[in-house]
Each structure stands twice: as structure tokens, then as C-alpha cells.
Amino acid sequence: MPDPGPSPLQSSLPAAAAAFGTYGHGRGIEAVGCVRPEQLAVPAPAEPPAPAGVPHPALERLLRGPSGLGTVGLHLVRHEEPPTAAPERAEPAAGRPIPGLYHHPVPEPDPVRVEEVSRRIKEWADEVDLYPPEWEDQFDGFSVGRYMVACHPDAPSIDHLMLATRLMVAENVVDDCYCEDHGGSPVGLGGRLLLAHTALDPLHTTTEYQPQWTESLHSDAPRRAYRSAMEHLLQGAGPSQADRFRHDMARLHMGYLAEAAWAETDYVPQVWEYLAMRQFNNFRPCPTITDTVGGYELPADLHAQPAMQRVIALAGNATTIVNDLYSYTKELASPGRHLNLPVVIAEREGVPVKEAYLKAVEVHNDLMHAFEAASADLAATCPAPNVARFLRGVAAWVDGNHYWHMTNTYRYSLPDFW
């Protein structure tokens, strides 16, 4: 498949809107110009479909942002931190994309921001006693600073970036220590996850038992990380944004439990069942907070619209299959059987591993095209400025997530299928 070239998003997002402000909150979708489904019974003449691998024309217009008299200021983000002397120009990150994988290249993340986020997250890790000294190389190899700067190019400050960075690290600590290769196990996972979830969604109990719960939040690294990261998020998120995040984390934990249940019974799911699990055990909590990290709020009534939920779900699904594909050889080298899309396709459809892997690439590409089409449709039917900005932020997260997987050669390498 030919390289689709740079996403039109990437030319506009570094200068995305600084403050569209609340638009239509609490007034229903009619107030923001969103079109109800019944109003689309006789659609306007449609644009011809875009060729495969080419973004939808309406999506390209969305990603360019508003135009016309008086809109110049809507494209500027003013970073709050004072200018800092940039380090010497770094070479582009290593790594190569999976052949045939539909993606958009992104600019190299701002090295000044990467360095500062990396420094601050190490300080925070020490503050919450996140890992023993022997894990430090793995923490550094995760390159979370480069990850988050790539995924949130419109964040107005380092403080905003740190909201996402702490949560990303906390989620990975829970995955590693409860589910995966740093002491994790499917046995008893439900109890551990539920207690950790109370660090995000606090327990409301009696005076007698409250101190015991409060003390428990410091009892292990996952709970310490969740508690601290959520406390910081609440400083930058509104109540509906925080509750939205809690909801998506509950989805994530339910996905963990499904995968654990299959591991305990040695069950290999059907491909469609695996994809259903991956809609929950996926990256969805990350793009859903793109407005919080961007310093604005998409109102709850707009975020909850089914069309917006479809966009966010497809973004989470596509980016998670990216993880399956880039981590394929890493997981094969780990003890036991790790479920990922190529493994499930190979076993359930009875095809060689190379054919299964290439089919998984096709599944990802189909999800990406569906994500872009859904974004374009929503932008056309709900032309609210903060909806457009949120969609740009989600698309940036999708592209940044691929960039990080592609360039993180410490963690990932490609199979020898080409």
C-alpha cells in the first residue's frame, strides 16, 4: 500500500485553537448546530468516496481548521512555559513502519518538551515509589515523554502534558504488576483491579472503615500511581471530564478481566470475540481526555453523542491493533501464550502466521478508514468549533501513538515477513 503521506492534521495541530470555549453545554444538540439523525432522511448530494488510503475530503477540511475573516486566532496555542534553549537538533527517531500499514507520518516531537516531560515523570515516579532500581532501564526505554508529546501537540503547557503522562505511566504499572510480566497473574485479578479502581473512583463508606481504605491506597505501586495521577488530573479536569475518564477506565479493567478469564481457561477466542475484548482492553482512556490535555472542555452532551462515541471507540480500536502488530515479536519471545490479533487469526482461521499477521494489518487499515470516515461525518453533521478541535485532538493521538510504536526500538521489532 502506498504511503498516504503526511496527515493534513499535522500541519494544523501545532497551531490549533487555543480557546474555543464552552459551546452549547447543557442546551442540547440543536443549540450547537448538530443535526439529528431524523433530519438526515433526505441527505444532501454526497461527495464521491475517497480512494482507499486517502483521507475523506470532509475530514481534510476539518483538520485544516476554520478559515475566513477573524479566525486566525483560532489556530494558535500559546505555550505557557517560558522559552527554553533547545538542545542540539536530534536525528530523527529510529524505526520503520510496518509495510502496508495505513498511517500518517508526524513531525518529530518538540525535543525541549520531551526532555522536560521525561525529567518530571522520573521525579514523580520516585515520589510515589513506582519501581525498584532494577526496573529503571525499562522505565527509560518506555520513552513516555516522547510518546505523550507526540500524541498531544496542542497541549498549552508542560503541566497539561503531565496530566496525560502520569495517567499513561499509572495504567502501564497496573498492567505490568497486576496482569503481565512484573508479578501479574489472571488469578485474583478482579479483586486487585477493583481495589485499584477505588483510587480513581473513591470509596464512600462509613467513618469506621474509611481510614482502612485510605491507607490501602498506599499499599502497592499500582494504587499509589493511580491515586496520585488522578489527584493531578482533577486539578485540570472538570467534573464531567473526570467522570468520563473513570468510565473509560472501568471499561479498560473489564477488558483486562475478559482476557484473564480466557487465560485461566486456556481459551482462544474467535476473532470477533477477540476484537470485542480489545474494544475494552485498549487505549480508549487516552484519546478521551484530549480536551483536558488541550486545556479546554468538550461538553458532556456532545461527548456522549453516539457519533462521537463511535469516533472514540474506533480510534481506541485502531491504535490498540497497532500495539498488537508492533509488539508481536516481543510477546512471542515472552513466556506463555499471549493473545494478540495475529495469533488469534492464525489459530482460529487456520492460516500460517505470516498470512495471519498480514490480515491483522488489513483489519487495522479497515478500522482506520472507518475512524476517518466517522470523524468526517460527525464534523459535517455537528459543525461546532469545539467538536472540530476535539476530533483533531483524537486524530493527533492516533498518529502520535503509531509514531511511538514505530520508533520505540527498545521495546519493539518487526517480524521477518517481508
# chains A, B, ... in the order shown; residues from 1 in each chain; ligands from 1

$ closest_atom_pairs --of "segment 307-375 of chain A" --to "segment 173-192 of chain A" --cutoff "10 Å" --atoms "only C-alpha atoms" --output "tab-separated table"
residue	atom	partner	partner_atom	distance
A:Ser334	CA	A:Asp181	CA	8.5
A:Pro335	CA	A:Asp181	CA	8.9
A:His338	CA	A:Glu180	CA	9.8

$ residues_around --residues "segment 404-411 of chain A" --least-positions-apart "2" --cutoff "9 Å" --atoms "only C-alpha atoms" --output "number ranges by chain"
A: 93-98, 138, 141-144, 146-148, 150-151, 322-323, 326-327, 330, 399-402, 413

$ atom_distance --atom1 "atom CA of Ala229 of chain A" --atom2 "atom CA of Ala199 of chain A"
9.3 Å

$ atom_distance --atom1 "atom CA of Leu252 of chain A" --atom2 "atom CA of Met162 of chain A"
20.9 Å

$ residues_around --residues "Thr288 of chain A" --least-positions-apart "5" --cutoff "8 Å" --atoms "only C-alpha atoms" --output "ChimeraX atom specification"
/A:244-245,312,394

$ write_last_selection --atoms "N, CA and C atoms" --output "mmCIF file, in the first residue's frame"
data_model
loop_
_atom_site.group_PDB
_atom_site.id
_atom_site.type_symbol
_atom_site.label_atom_id
_atom_site.label_comp_id
_atom_site.auth_asym_id
_atom_site.auth_seq_id
_atom_site.Cartn_x
_atom_site.Cartn_y
_atom_site.Cartn_z
ATOM 1 N N ARG A 244 -15.968 10.987 32.947
ATOM 2 C CA ARG A 244 -15.784 10.333 31.645
ATOM 3 C C ARG A 244 -14.543 9.431 31.679
ATOM 4 N N PHE A 245 -13.465 9.947 32.258
ATOM 5 C CA PHE A 245 -12.241 9.164 32.350
ATOM 6 C C PHE A 245 -12.449 7.933 33.235
ATOM 7 N N ILE A 312 -14.488 7.804 19.014
ATOM 8 C CA ILE A 312 -13.529 7.491 20.071
ATOM 9 C C ILE A 312 -13.273 5.984 20.135
ATOM 10 N N VAL A 394 -8.154 13.908 18.806
ATOM 11 C CA VAL A 394 -8.193 12.444 18.763
ATOM 12 C C VAL A 394 -7.350 11.932 17.595
#

$ residues_around --residues "segment 259-268 of chain A" --least-positions-apart "3" --cutoff "7 Å" --atoms "only C-alpha atoms" --output "list in words"
Pro186, Gly255, Tyr256 and Val344 of chain A

$ residues_around --residues "segment 201-209 of chain A" --least-positions-apart "5" --cutoff "10 Å" --atoms "only C-alpha atoms" --output "list in words"
Leu194, Leu195, Ala196, Thr214, Arg227, Met230, Ala242, Asp243, Phe245, Arg246, His247, Met249 and Ala250 of chain A

$ residues_around --residues "Asn340 of chain A" --least-positions-apart "6" --cutoff "10 Å" --atoms "only C-alpha atoms" --output "list in words"
Val271, Tyr274, Leu275, Arg278, Thr320, Ile321, Asn323, Asp324, Leu325, Ser327, Tyr328, Glu331, Leu332, Tyr357 and Ala360 of chain A
